[in-house]
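Q: Structure file coords24.txt (compact mmCIF, C-alpha atoms) is given on the next line.
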# COMPACT_ATOMS: atom_id res chain seq x y z
CA GLY A 1 -125.46 74.51 21.65
CA ARG A 2 -121.69 74.13 21.69
CA SER A 3 -119.66 71.52 19.86
CA GLU A 4 -117.79 68.87 21.84
CA ALA A 5 -114.49 70.59 21.03
CA ALA A 6 -115.83 73.91 22.29
CA VAL A 7 -117.07 72.28 25.49
CA ALA A 8 -113.67 70.66 26.07
CA THR A 9 -111.87 73.95 25.46
CA THR A 10 -114.25 75.79 27.81
CA ALA A 11 -113.75 73.18 30.54
CA SER A 12 -109.96 73.44 30.22
CA MET A 13 -109.98 77.23 30.40
CA LEU A 14 -112.43 77.09 33.32
CA ILE A 15 -110.11 74.89 35.36
CA GLN A 16 -107.05 77.02 34.59
CA ALA A 17 -108.79 80.32 35.36
CA SER A 18 -110.26 78.97 38.61
CA ARG A 19 -106.89 77.74 39.84
CA VAL A 20 -105.16 81.05 39.17
CA VAL A 21 -107.90 83.19 40.73
CA ASN A 22 -108.41 80.98 43.80
CA GLY A 23 -104.65 80.84 44.26
CA PHE A 24 -104.48 84.63 44.30
CA TRP A 25 -107.24 84.91 46.92
CA LEU A 26 -105.64 82.32 49.19
CA ILE A 27 -102.25 84.05 49.00
CA PHE A 28 -103.82 87.50 49.45
CA PHE A 29 -105.77 86.33 52.50
CA GLY A 30 -102.74 84.64 54.05
CA LEU A 31 -100.45 87.63 53.57
CA SER A 32 -103.09 90.02 54.99
CA VAL A 33 -103.46 87.91 58.13
CA VAL A 34 -99.69 87.53 58.54
CA ALA A 35 -99.26 91.31 58.26
CA ASP A 36 -102.17 92.20 60.52
CA LEU A 37 -101.35 89.78 63.34
CA ASN A 38 -97.55 90.07 63.01
CA LEU A 39 -97.24 86.29 62.74
CA VAL A 40 -93.85 86.22 61.01
CA PRO A 41 -91.35 88.82 62.26
CA GLY A 42 -89.56 90.45 59.36
CA LEU A 43 -92.03 89.29 56.73
CA SER A 44 -94.95 90.85 58.61
CA GLY A 45 -93.11 94.16 58.80
CA PHE A 46 -92.36 94.08 55.09
CA LEU A 47 -95.99 93.31 54.27
CA ARG A 48 -97.21 96.16 56.46
CA ALA A 49 -94.77 98.45 54.70
CA VAL A 50 -96.11 97.33 51.34
CA ALA A 51 -99.66 97.99 52.56
CA LYS A 52 -98.85 101.57 53.62
CA ARG A 53 -100.44 104.38 51.64
CA GLY A 54 -101.50 107.99 51.98
CA LYS A 55 -101.16 109.43 55.48
CA ASP A 56 -100.15 106.01 56.86
CA ASP A 57 -96.97 106.26 54.76
CA GLU A 58 -95.45 108.88 57.04
CA GLY A 59 -93.36 108.78 60.10
CA ASP A 60 -93.64 105.44 61.94
CA ASP A 61 -90.95 103.28 60.36
CA PRO A 62 -87.92 101.89 62.13
CA ALA A 63 -84.85 104.04 61.67
CA GLY A 64 -83.11 103.50 58.37
CA LYS A 65 -85.87 101.49 56.68
CA ARG A 66 -86.54 104.20 54.11
CA ARG A 67 -82.92 104.04 53.05
CA ARG A 68 -83.35 100.45 51.92
CA PRO A 69 -83.62 100.19 48.12
CA TRP A 70 -86.87 98.20 48.14
CA TRP A 71 -88.59 100.92 50.18
CA GLN A 72 -87.76 103.60 47.64
CA VAL A 73 -89.80 101.96 44.87
CA THR A 74 -93.09 103.78 45.39
CA VAL A 75 -95.77 105.42 43.28
CA PRO A 76 -98.10 108.36 44.01
CA HIS A 77 -101.10 107.52 46.17
CA GLY A 78 -103.25 109.18 43.50
CA TRP A 79 -102.55 106.16 41.29
CA PHE A 80 -105.28 104.45 43.28
CA THR A 81 -107.54 105.66 40.48
CA HIS A 82 -105.83 103.18 38.15
CA PHE A 83 -107.37 100.30 40.12
CA TYR A 84 -110.87 101.48 39.31
CA VAL A 85 -110.06 102.09 35.66
CA VAL A 86 -108.90 98.48 35.43
CA GLY A 87 -111.96 97.31 37.37
CA VAL A 88 -114.44 99.19 35.18
CA LEU A 89 -112.91 98.02 31.88
CA TRP A 90 -112.15 94.44 32.90
CA ASN A 91 -115.49 93.85 34.59
CA ALA A 92 -117.23 95.23 31.50
CA VAL A 93 -115.56 92.46 29.47
CA ALA A 94 -116.56 89.82 32.06
CA LEU A 95 -120.10 91.20 32.28
CA PHE A 96 -120.48 91.08 28.51
CA HIS A 97 -119.57 87.38 28.50
CA SER A 98 -121.81 86.80 31.54
CA LEU A 99 -124.82 88.24 29.73
CA ILE A 100 -124.11 86.06 26.71
CA GLU A 101 -123.97 83.00 28.95
CA CYS A 102 -127.34 84.04 30.41
CA ALA A 103 -128.87 83.88 26.93
CA TRP A 104 -127.22 80.56 26.10
CA ALA A 105 -128.07 78.98 29.47
CA GLY A 106 -131.71 79.99 29.24
CA SER A 107 -132.92 80.98 32.69
CA ASP A 108 -130.54 78.94 34.88
CA PRO A 109 -130.53 80.87 38.19
CA SER A 110 -126.86 80.17 38.90
CA VAL A 111 -125.78 81.78 35.64
CA VAL A 112 -128.21 84.69 35.80
CA GLY A 113 -127.47 85.33 39.49
CA ALA A 114 -123.75 85.53 38.74
CA ALA A 115 -124.48 88.04 35.98
CA LEU A 116 -126.53 90.10 38.45
CA ALA A 117 -123.60 90.07 40.88
CA SER A 118 -121.31 91.25 38.07
CA THR A 119 -123.77 94.02 37.26
CA LEU A 120 -123.72 95.16 40.89
CA PHE A 121 -119.93 95.20 40.87
CA GLN A 122 -119.91 97.23 37.67
CA ALA A 123 -122.06 99.88 39.34
CA HIS A 124 -119.88 99.81 42.48
CA VAL A 125 -116.51 100.10 40.75
CA THR A 126 -117.84 102.83 38.43
CA ARG A 127 -118.86 104.82 41.51
CA ARG A 128 -115.43 104.29 43.03
CA LEU A 129 -113.78 105.52 39.83
CA TYR A 130 -115.89 108.68 39.98
CA GLU A 131 -115.06 109.21 43.66
CA SER A 132 -111.35 108.62 43.18
CA ALA A 133 -111.16 111.01 40.24
CA PHE A 134 -113.51 113.79 41.39
CA VAL A 135 -114.24 113.46 45.13
CA SER A 136 -111.19 112.16 46.98
CA ILE A 137 -108.40 114.57 47.89
CA HIS A 138 -105.07 112.77 47.72
CA ARG A 139 -102.27 114.19 49.84
CA PRO A 140 -99.58 115.48 47.43
CA GLY A 141 -96.79 113.69 49.29
CA GLY A 142 -98.75 110.46 49.79
CA ARG A 143 -97.06 107.36 48.39
CA MET A 144 -97.68 103.63 48.19
CA HIS A 145 -95.25 100.81 47.52
CA VAL A 146 -95.11 99.56 43.93
CA VAL A 147 -95.74 95.99 45.14
CA GLY A 148 -98.97 97.13 46.79
CA TYR A 149 -99.88 98.94 43.59
CA LEU A 150 -99.37 95.82 41.46
CA ILE A 151 -101.36 93.70 43.92
CA GLY A 152 -104.19 96.22 43.63
CA VAL A 153 -104.23 95.89 39.85
CA VAL A 154 -104.34 92.08 40.06
CA TYR A 155 -107.11 92.39 42.68
CA TYR A 156 -109.36 94.25 40.26
CA ILE A 157 -108.68 91.66 37.60
CA CYS A 158 -109.59 88.76 39.89
CA VAL A 159 -112.81 90.18 41.38
CA PRO A 160 -114.73 90.18 38.05
CA LEU A 161 -113.54 86.65 37.29
CA THR A 162 -114.67 85.50 40.74
CA LEU A 163 -118.15 87.01 40.61
CA SER A 164 -118.74 85.85 37.04
CA HIS A 165 -120.12 82.37 36.47
CA PRO A 166 -117.29 79.94 35.61
CA LEU A 167 -118.62 79.62 32.05
CA ALA A 168 -118.23 83.37 31.56
CA ALA A 169 -114.84 83.41 33.29
CA ALA A 170 -113.68 80.61 31.00
CA ALA A 171 -114.84 82.60 27.95
CA VAL A 172 -112.88 85.62 29.15
CA ALA A 173 -109.79 83.48 29.80
CA LYS A 174 -110.06 81.98 26.32
CA SER A 175 -110.28 85.44 24.76
CA VAL A 176 -107.18 86.54 26.66
CA ALA A 177 -105.31 83.38 25.68
CA ASP A 178 -106.22 83.91 22.01
CA ALA A 179 -105.08 87.54 22.21
CA TRP A 180 -101.78 86.42 23.75
CA ARG A 181 -101.17 83.80 21.06
CA ARG A 182 -101.95 86.23 18.25
CA GLY A 183 -100.02 89.05 19.86
CA SER A 184 -102.91 91.48 19.50
CA ILE A 185 -105.18 92.90 22.17
CA ALA A 186 -107.73 93.60 19.42
CA THR A 187 -108.62 89.90 19.63
CA LEU A 188 -110.50 90.70 22.83
CA LEU A 189 -112.97 92.73 20.75
CA GLU A 190 -113.69 89.98 18.22
CA PRO A 191 -116.65 88.53 20.17
CA ILE A 192 -118.48 91.85 19.74
CA ASP A 193 -120.59 91.12 16.69
CA GLY A 194 -124.29 91.37 15.97
CA THR A 195 -125.09 87.88 17.22
CA LYS A 196 -123.19 88.34 20.49
CA LEU A 197 -124.69 91.78 21.07
CA ALA A 198 -128.18 90.35 20.58
CA ALA A 199 -127.37 87.52 22.99
CA ALA A 200 -126.04 89.99 25.57
CA ALA A 201 -129.23 92.06 25.27
CA ASP A 202 -131.29 88.90 25.78
CA GLY A 203 -129.14 88.04 28.78
CA ALA A 204 -129.75 91.50 30.24
CA ARG A 205 -133.49 90.84 30.05
CA HIS A 206 -132.96 87.57 31.95
CA VAL A 207 -131.06 89.47 34.66
CA LEU A 208 -133.79 92.09 35.07
CA LYS A 209 -136.48 89.42 35.19
CA PHE A 210 -134.46 87.39 37.67
CA ALA A 211 -133.90 90.35 39.99
CA PHE A 212 -137.62 91.04 40.41
CA THR A 213 -139.30 87.65 39.96
CA ALA A 214 -138.83 83.97 40.92
CA SER A 215 -137.77 83.10 37.38
CA GLY A 216 -136.31 79.59 37.14
CA ARG A 217 -137.03 78.77 40.80
CA SER A 218 -139.87 77.09 42.64
CA GLY A 219 -140.95 75.89 46.10
CA VAL A 220 -138.89 76.45 49.21
CA GLY A 221 -135.83 76.98 47.04
CA ALA A 222 -137.50 80.00 45.49
CA LEU A 223 -138.03 81.52 48.94
CA MET A 224 -134.43 80.88 49.95
CA SER A 225 -133.14 82.22 46.67
CA GLY A 226 -135.37 85.28 46.84
CA PHE A 227 -134.22 86.02 50.37
CA CYS A 228 -130.54 85.78 49.37
CA VAL A 229 -130.95 87.81 46.18
CA MET A 230 -133.12 90.58 47.61
CA GLY A 231 -131.16 90.63 50.87
CA GLY A 232 -127.91 90.72 48.93
CA VAL A 233 -129.05 93.59 46.72
CA TYR A 234 -130.20 95.47 49.83
CA ALA A 235 -126.87 94.93 51.61
CA TRP A 236 -125.03 96.03 48.46
CA GLY A 237 -127.17 99.17 48.25
CA VAL A 238 -126.70 100.09 51.92
CA GLY A 239 -122.97 99.44 51.71
CA ASN A 240 -122.54 101.59 48.62
CA ALA A 241 -124.66 104.43 49.99
CA HIS A 242 -122.76 104.54 53.28
CA GLN A 243 -119.36 104.19 51.66
CA HIS A 244 -120.10 107.10 49.33
CA ARG A 245 -121.37 109.17 52.26
CA TYR A 246 -118.19 108.66 54.26
CA HIS A 247 -115.87 109.16 51.29
CA VAL A 248 -117.56 112.50 50.64
CA ALA A 249 -117.34 113.40 54.34
CA LEU A 250 -113.62 112.60 54.46
CA ALA A 251 -112.98 114.60 51.28
CA LYS A 252 -114.85 117.62 52.66
CA LEU A 253 -112.91 117.32 55.91
CA ARG A 254 -109.61 117.22 54.04
CA GLY A 255 -110.62 120.23 51.93
CA ARG A 256 -111.63 122.24 54.96
CA GLU A 257 -108.51 121.32 56.89
CA LYS A 258 -106.29 122.29 53.97
CA ARG A 259 -107.82 125.76 54.08
CA ARG A 260 -107.55 126.12 57.86
CA GLU A 261 -104.50 127.47 59.59
CA ASN A 262 -102.72 125.03 61.85
CA VAL A 263 -102.77 127.27 64.91
CA GLU A 264 -104.98 124.79 66.74
CA LYS A 265 -102.76 121.88 65.78
CA LYS A 266 -99.35 122.82 67.08
CA ASP A 267 -99.24 119.49 68.91
CA ARG A 268 -99.43 117.63 65.59
CA GLU A 269 -96.74 117.00 63.04
CA GLY A 270 -96.55 116.21 59.33
CA ALA A 271 -99.66 114.82 57.68
CA ALA A 272 -101.62 114.98 60.95
CA LYS A 273 -101.97 118.74 60.47
CA GLU A 274 -103.99 118.10 57.30
CA TYR A 275 -106.60 115.94 59.06
CA ASP A 276 -109.27 116.44 61.67
CA VAL A 277 -111.43 114.04 63.64
CA PRO A 278 -114.25 112.74 61.40
CA ARG A 279 -117.66 112.74 63.06
CA GLY A 280 -121.25 111.75 62.36
CA GLY A 281 -123.00 108.50 61.45
CA TRP A 282 -120.90 105.37 61.77
CA PHE A 283 -117.85 107.55 62.52
CA GLU A 284 -119.13 107.84 66.09
CA ARG A 285 -118.51 104.12 66.58
CA VAL A 286 -115.61 103.25 64.27
CA SER A 287 -112.63 104.95 62.64
CA CYS A 288 -113.15 103.43 59.20
CA PRO A 289 -116.87 103.11 58.42
CA HIS A 290 -116.09 103.21 54.69
CA TYR A 291 -114.21 99.93 55.10
CA ALA A 292 -117.09 98.38 57.05
CA ALA A 293 -119.43 99.51 54.26
CA GLU A 294 -117.19 97.87 51.66
CA VAL A 295 -117.28 94.55 53.51
CA LEU A 296 -121.07 94.85 53.64
CA LEU A 297 -121.46 95.46 49.93
CA TYR A 298 -119.17 92.53 49.11
CA VAL A 299 -121.28 90.35 51.40
CA GLY A 300 -124.28 91.47 49.36
CA MET A 301 -122.71 90.60 46.01
CA CYS A 302 -121.60 87.19 47.29
CA ALA A 303 -125.09 86.52 48.68
CA VAL A 304 -126.56 87.22 45.24
CA ALA A 305 -124.05 84.96 43.49
CA CYS A 306 -124.35 82.13 46.03
CA GLY A 307 -128.05 82.20 46.90
CA SER A 308 -129.39 82.54 43.37
CA GLY A 309 -129.17 78.81 42.65
CA PHE A 310 -131.31 77.51 45.52
CA GLY A 311 -134.12 75.30 44.29
CA ALA A 312 -132.76 74.98 40.76
CA GLY A 313 -129.72 72.73 40.97
CA GLY A 314 -128.47 73.76 37.57
CA ILE A 315 -130.76 73.38 34.58
CA ILE A 316 -127.76 72.45 32.45
CA THR A 317 -126.85 69.11 34.01
CA GLY A 318 -123.26 67.90 34.04
CA ALA A 319 -121.67 71.35 33.71
CA PRO A 320 -119.40 72.48 36.57
CA GLY A 321 -120.03 75.60 38.60
CA PHE A 322 -123.79 75.43 39.08
CA GLY A 323 -125.61 75.78 42.39
CA PRO A 324 -124.99 77.60 45.70
CA ALA A 325 -122.14 75.35 46.86
CA ALA A 326 -120.14 75.95 43.68
CA ALA A 327 -120.67 79.70 43.94
CA ALA A 328 -119.67 79.73 47.61
CA THR A 329 -116.49 77.82 46.78
CA ARG A 330 -115.31 80.55 44.45
CA THR A 331 -116.61 83.63 46.32
CA ALA A 332 -115.80 82.71 49.95
CA PRO A 333 -112.00 83.05 49.48
CA MET A 334 -112.54 86.46 47.86
CA LEU A 335 -114.80 87.68 50.67
CA ALA A 336 -112.37 86.45 53.33
CA SER A 337 -109.50 88.22 51.54
CA VAL A 338 -111.43 91.48 51.27
CA ALA A 339 -112.35 91.39 54.96
CA ALA A 340 -108.79 90.51 56.05
CA ASN A 341 -107.18 93.22 53.93
CA LEU A 342 -109.63 95.90 55.05
CA ALA A 343 -109.15 94.81 58.67
CA LEU A 344 -105.41 95.38 58.25
CA ALA A 345 -105.98 98.82 56.69
CA ALA A 346 -108.59 99.79 59.29
CA ARG A 347 -106.38 98.81 62.22
CA ARG A 348 -103.46 100.80 60.82
CA ASN A 349 -105.64 103.87 60.19
CA HIS A 350 -107.12 103.60 63.68
CA GLU A 351 -103.66 103.37 65.23
CA TRP A 352 -102.51 106.34 63.15
CA TYR A 353 -105.38 108.48 64.41
CA LEU A 354 -104.66 107.56 68.03
CA ARG A 355 -100.93 108.13 67.66
CA HIS A 356 -101.07 111.48 65.85
CA MET A 357 -104.25 113.09 67.22
CA PRO A 358 -104.27 113.64 70.99
CA ASP A 359 -107.94 114.65 70.85
CA TYR A 360 -109.06 111.52 68.98
CA PRO A 361 -111.96 109.63 70.71
CA LYS A 362 -110.46 106.66 72.53
CA GLY A 363 -113.70 104.66 72.59
CA ARG A 364 -113.96 104.08 68.85
CA TRP A 365 -113.28 100.74 67.24
CA ALA A 366 -111.29 100.36 64.02
CA MET A 367 -113.94 98.90 61.68
CA ILE A 368 -116.60 96.75 63.40
CA PRO A 369 -117.87 97.66 66.88
CA GLY A 370 -117.13 95.00 69.46
CA ILE A 371 -114.96 92.98 67.08
CA LEU A 372 -112.21 95.09 65.50
What do you get writing this file as structure tokens?

A:
Amino acid sequence: GRSEAAVATTASMLIQASRVVNGFWLIFFGLSVVADLNLVPGLSGFLRAVAKRGKDDEGDDPAGKRRRPWWQVTVPHGWFTHFYVVGVLWNAVALFHSLIECAWAGSDPSVVGAALASTLFQAHVTRRLYESAFVSIHRPGGRMHVVGYLIGVVYYICVPLTLSHPLAAAAVAKSVADAWRRGSIATLLEPIDGTKLAAAADGARHVLKFAFTASGRSGVGALMSGFCVMGGVYAWGVGNAHQHRYHVALAKLRGREKRRENVEKKDREGAAKEYDVPRGGWFERVSCPHYAAEVLLYVGMCAVACGSGFGAGGIITGAPGFGPAAAATRTAPMLASVAANLALAARRNHEWYLRHMPDYPKGRWAMIPGIL
């Protein structure tokens, strides 16, 4: 067990970390909606400019905008890989603390379910790092605004803290605060000792048992929890599989188009000559199936984190953050932000295809058939 001082410190760090992360998601969601729906003239245009990247960065800006100093501050689109490096490393830290909390909390479904969600995200962001480094073909002239780049880095810091149980997020926040006070990042590695490693290994066993059994749950709650967990894992798996499929398809299309002569594309200009109409699978219905797949896999991770606590109510009574409602409170803003941001990106990509490719199918939707 923890001492009273340790409990008080954990509670304080929990509150501070939750406020910062939730604040980021609310701002991120609001700005995405403002940009997508053009709710605030001037600001909406600036936000859309910040969101531009890759092929979308070319050729559709009002005259003179690129001469403005703030527009010139861009970074290569290939720096997208940095996001996944941050995500892999930072989520590994959060997952380590999550597994330790699993051991200390016994078999509390809320804690173990959050650790399972963190494990799923670790697998997802590792795949994205591999794809970004070895599969994706970034256009040499593709750029993205430095503000968008910085937002992306913060995004991949906040996702692990959101999916983690608040106890684990508080432990991570405390480690960062200690490192800041001591002026040494090595402080983040201090928790890695024999005792903590053994606890993390024990926590991993809890996660595996939880994923395949009704551990810690009973009655109707066990059925509800099992449905959410198994359904969430399935949605996560389908989303990842489809997203990988379409990323590979787009990369192959880019590679083939780079090798083709542009004789057939004299009616296209600039970056449009490097692209062709993607076809097959979900591409027949939407322009950005990889974005739809990402929303699906995030839905799966949130379902695991939120539904895991049904029928348990928190074995550790009095501690904040236990149960489905608490999990939904922290994950819903993240899911809404992910969906809103991807909707913005999908709509812009869809419009780009229609504007630059005369032969592009007019009946496709941007991301979700019948909705967007």

Q: Which of these residues is nearest to A:Ala328, using all atoms listed in the file: A:Ala179, A:Leu163, A:Gln122, A:Trp352?

A: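 Among the listed residues, A:Leu163 lies closest to A:Ala328.
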
Q: Would you mind telling me which residue in A:Pro140, A:Val233, A:Arg347, A:Phe212 lies nearest to A:Arg48 when using all atoms listed in the file?

A: A:Arg347

Q: Please measure the separation of atom CA of A:Gly280 and atom CA of A:Arg364, giving the value in Å to one decimal.

A: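 Atom CA of A:Gly280 sits 12.4 Å away from atom CA of A:Arg364.
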
Q: What's the separation between atom CA of A:Val286 and atom CA of A:His356, in Å to one decimal place?

A: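 Atom CA of A:His356 lies 16.8 Å from atom CA of A:Val286.
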
Q: Would you mind telling me which residue in A:Phe29, A:Trp90, A:Phe121, A:Trp365 lies nearest to A:Val176 when using all atoms listed in the file?

A: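 The shortest atom-to-atom distance to A:Val176 comes from A:Trp90.
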
Q: Counting only C-alpha atoms, which residues sit no farther than 10 Å from the position (-130.8, 85.5, 27.1) in the file's frame? I'd like them as a list in words.

A: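 I get Leu99, Ile100, Glu101, Cys102, Ala103, Trp104, Ala105, Gly106, Ser107, Val112, Ala198, Ala199, Ala200, Ala201, Asp202, Gly203, Ala204, Arg205, His206 and Val207 of chain A for the residues within 10 Å of that point.
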
Q: Take every atom of stretch 246-255 of chain A listed in the file, pad by 3 Å on each side, and give me the axis-aligned box centre and edge lengths in Å, one decimal, as lines of an AutoDock Vina configuration file.

A:
center_x = -113.9
center_y = 114.4
center_z = 53.3
size_x = 14.6
size_y = 17.6
size_z = 11.3

Q: Just how far from atom CA of A:Gly309 is atom CA of A:Ser225, in Å to one decimal?

A: 6.6 Å

Q: Counting only C-alpha atoms, which of A:Val338, A:Leu297, A:Ala343, A:Ala249 gets nearest to A:Val125?

A: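 Checking each candidate against A:Val125, we get A:Leu297 as the closest.
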
Q: Please determine, counting all atoms listed in the file, which residue among A:Ser337, A:Gln243, A:Asn22, A:Ser164 has the shortest atom-to-atom distance to A:Ala292.

A: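 For A:Ala292, the nearest of the given residues is A:Gln243.
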
Q: Counting all atoms listed in the file, select every polymer residue within 9 Å of (-118.8, 97.2, 43.3) as defined in the file's coordinates, and provide the selection as a PyMOL selection string.

A: chain A and resi 117-128+236+240+294+297-298+301

Q: Any chance you can output those residues with C-alpha atoms as a PDB file, keeping the file's coordinate frame?

A:
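Full text of selection.pdb as output:
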ATOM      1  CA  ALA A 117    -123.600  90.070  40.880  1.00  0.00           C
ATOM      2  CA  SER A 118    -121.310  91.250  38.070  1.00  0.00           C
ATOM      3  CA  THR A 119    -123.770  94.020  37.260  1.00  0.00           C
ATOM      4  CA  LEU A 120    -123.720  95.160  40.890  1.00  0.00           C
ATOM      5  CA  PHE A 121    -119.930  95.200  40.870  1.00  0.00           C
ATOM      6  CA  GLN A 122    -119.910  97.230  37.670  1.00  0.00           C
ATOM      7  CA  ALA A 123    -122.060  99.880  39.340  1.00  0.00           C
ATOM      8  CA  HIS A 124    -119.880  99.810  42.480  1.00  0.00           C
ATOM      9  CA  VAL A 125    -116.510 100.100  40.750  1.00  0.00           C
ATOM     10  CA  THR A 126    -117.840 102.830  38.430  1.00  0.00           C
ATOM     11  CA  ARG A 127    -118.860 104.820  41.510  1.00  0.00           C
ATOM     12  CA  ARG A 128    -115.430 104.290  43.030  1.00  0.00           C
ATOM     13  CA  TRP A 236    -125.030  96.030  48.460  1.00  0.00           C
ATOM     14  CA  ASN A 240    -122.540 101.590  48.620  1.00  0.00           C
ATOM     15  CA  GLU A 294    -117.190  97.870  51.660  1.00  0.00           C
ATOM     16  CA  LEU A 297    -121.460  95.460  49.930  1.00  0.00           C
ATOM     17  CA  TYR A 298    -119.170  92.530  49.110  1.00  0.00           C
ATOM     18  CA  MET A 301    -122.710  90.600  46.010  1.00  0.00           C
TER      19      MET A 301
END

Q: Taking all atoms listed in the file into account, which of A:His242, A:Ala17, A:Gly183, A:Val75 comes nearest A:Ala171?

A: A:Ala17

Q: Name all residues at most 9 Å from A:Ser18 (count only C-alpha atoms; drop same-chain ones fewer than 5 positions away) and give them as a PyMOL selection string.

A: chain A and resi 13+23+161-162+166+169-170+330

Q: Generate the coordinates of all heavy atoms for stretch 135-141 of chain A; report them as an mmCIF file, keeping the file's coordinate frame.

A:
data_model
loop_
_atom_site.group_PDB
_atom_site.id
_atom_site.type_symbol
_atom_site.label_atom_id
_atom_site.label_comp_id
_atom_site.auth_asym_id
_atom_site.auth_seq_id
_atom_site.Cartn_x
_atom_site.Cartn_y
_atom_site.Cartn_z
ATOM 1 N N VAL A 135 -113.832 113.182 43.753
ATOM 2 C CA VAL A 135 -114.240 113.460 45.130
ATOM 3 C C VAL A 135 -113.054 113.413 46.086
ATOM 4 O O VAL A 135 -112.836 114.350 46.866
ATOM 5 C CB VAL A 135 -115.327 112.460 45.594
ATOM 6 C CG1 VAL A 135 -115.674 112.701 47.066
ATOM 7 C CG2 VAL A 135 -116.574 112.590 44.726
ATOM 8 N N SER A 136 -112.303 112.347 46.043
ATOM 9 C CA SER A 136 -111.190 112.160 46.980
ATOM 10 C C SER A 136 -110.123 113.235 46.798
ATOM 11 O O SER A 136 -109.870 113.694 45.672
ATOM 12 C CB SER A 136 -110.562 110.778 46.794
ATOM 13 O OG SER A 136 -111.506 109.762 47.046
ATOM 14 N N ILE A 137 -109.513 113.620 47.909
ATOM 15 C CA ILE A 137 -108.400 114.570 47.890
ATOM 16 C C ILE A 137 -107.152 113.817 48.340
ATOM 17 O O ILE A 137 -107.009 113.471 49.520
ATOM 18 C CB ILE A 137 -108.669 115.768 48.820
ATOM 19 C CG1 ILE A 137 -109.921 116.523 48.355
ATOM 20 C CG2 ILE A 137 -107.461 116.704 48.846
ATOM 21 C CD1 ILE A 137 -110.294 117.683 49.249
ATOM 22 N N HIS A 138 -106.279 113.518 47.406
ATOM 23 C CA HIS A 138 -105.070 112.770 47.720
ATOM 24 C C HIS A 138 -103.981 113.718 48.211
ATOM 25 O O HIS A 138 -103.723 114.752 47.581
ATOM 26 C CB HIS A 138 -104.580 112.001 46.492
ATOM 27 C CG HIS A 138 -105.587 111.043 45.927
ATOM 28 N ND1 HIS A 138 -105.913 109.862 46.561
ATOM 29 C CD2 HIS A 138 -106.355 111.092 44.811
ATOM 30 C CE1 HIS A 138 -106.830 109.213 45.843
ATOM 31 N NE2 HIS A 138 -107.109 109.949 44.787
ATOM 32 N N ARG A 139 -103.361 113.369 49.318
ATOM 33 C CA ARG A 139 -102.270 114.190 49.840
ATOM 34 C C ARG A 139 -101.126 114.203 48.843
ATOM 35 O O ARG A 139 -100.670 113.143 48.383
ATOM 36 C CB ARG A 139 -101.798 113.631 51.193
ATOM 37 C CG ARG A 139 -100.804 114.536 51.912
ATOM 38 C CD ARG A 139 -100.615 114.080 53.359
ATOM 39 N NE ARG A 139 -99.990 112.764 53.432
ATOM 40 C CZ ARG A 139 -98.681 112.569 53.475
ATOM 41 N NH1 ARG A 139 -97.855 113.595 53.438
ATOM 42 N NH2 ARG A 139 -98.187 111.351 53.567
ATOM 43 N N PRO A 140 -100.625 115.397 48.458
ATOM 44 C CA PRO A 140 -99.580 115.480 47.430
ATOM 45 C C PRO A 140 -98.367 114.603 47.706
ATOM 46 O O PRO A 140 -97.802 114.022 46.790
ATOM 47 C CB PRO A 140 -99.205 116.977 47.458
ATOM 48 C CG PRO A 140 -100.448 117.661 47.917
ATOM 49 C CD PRO A 140 -101.061 116.730 48.927
ATOM 50 N N GLY A 141 -97.973 114.495 48.981
ATOM 51 C CA GLY A 141 -96.790 113.690 49.290
ATOM 52 C C GLY A 141 -97.093 112.235 49.580
ATOM 53 O O GLY A 141 -96.180 111.460 49.888
#
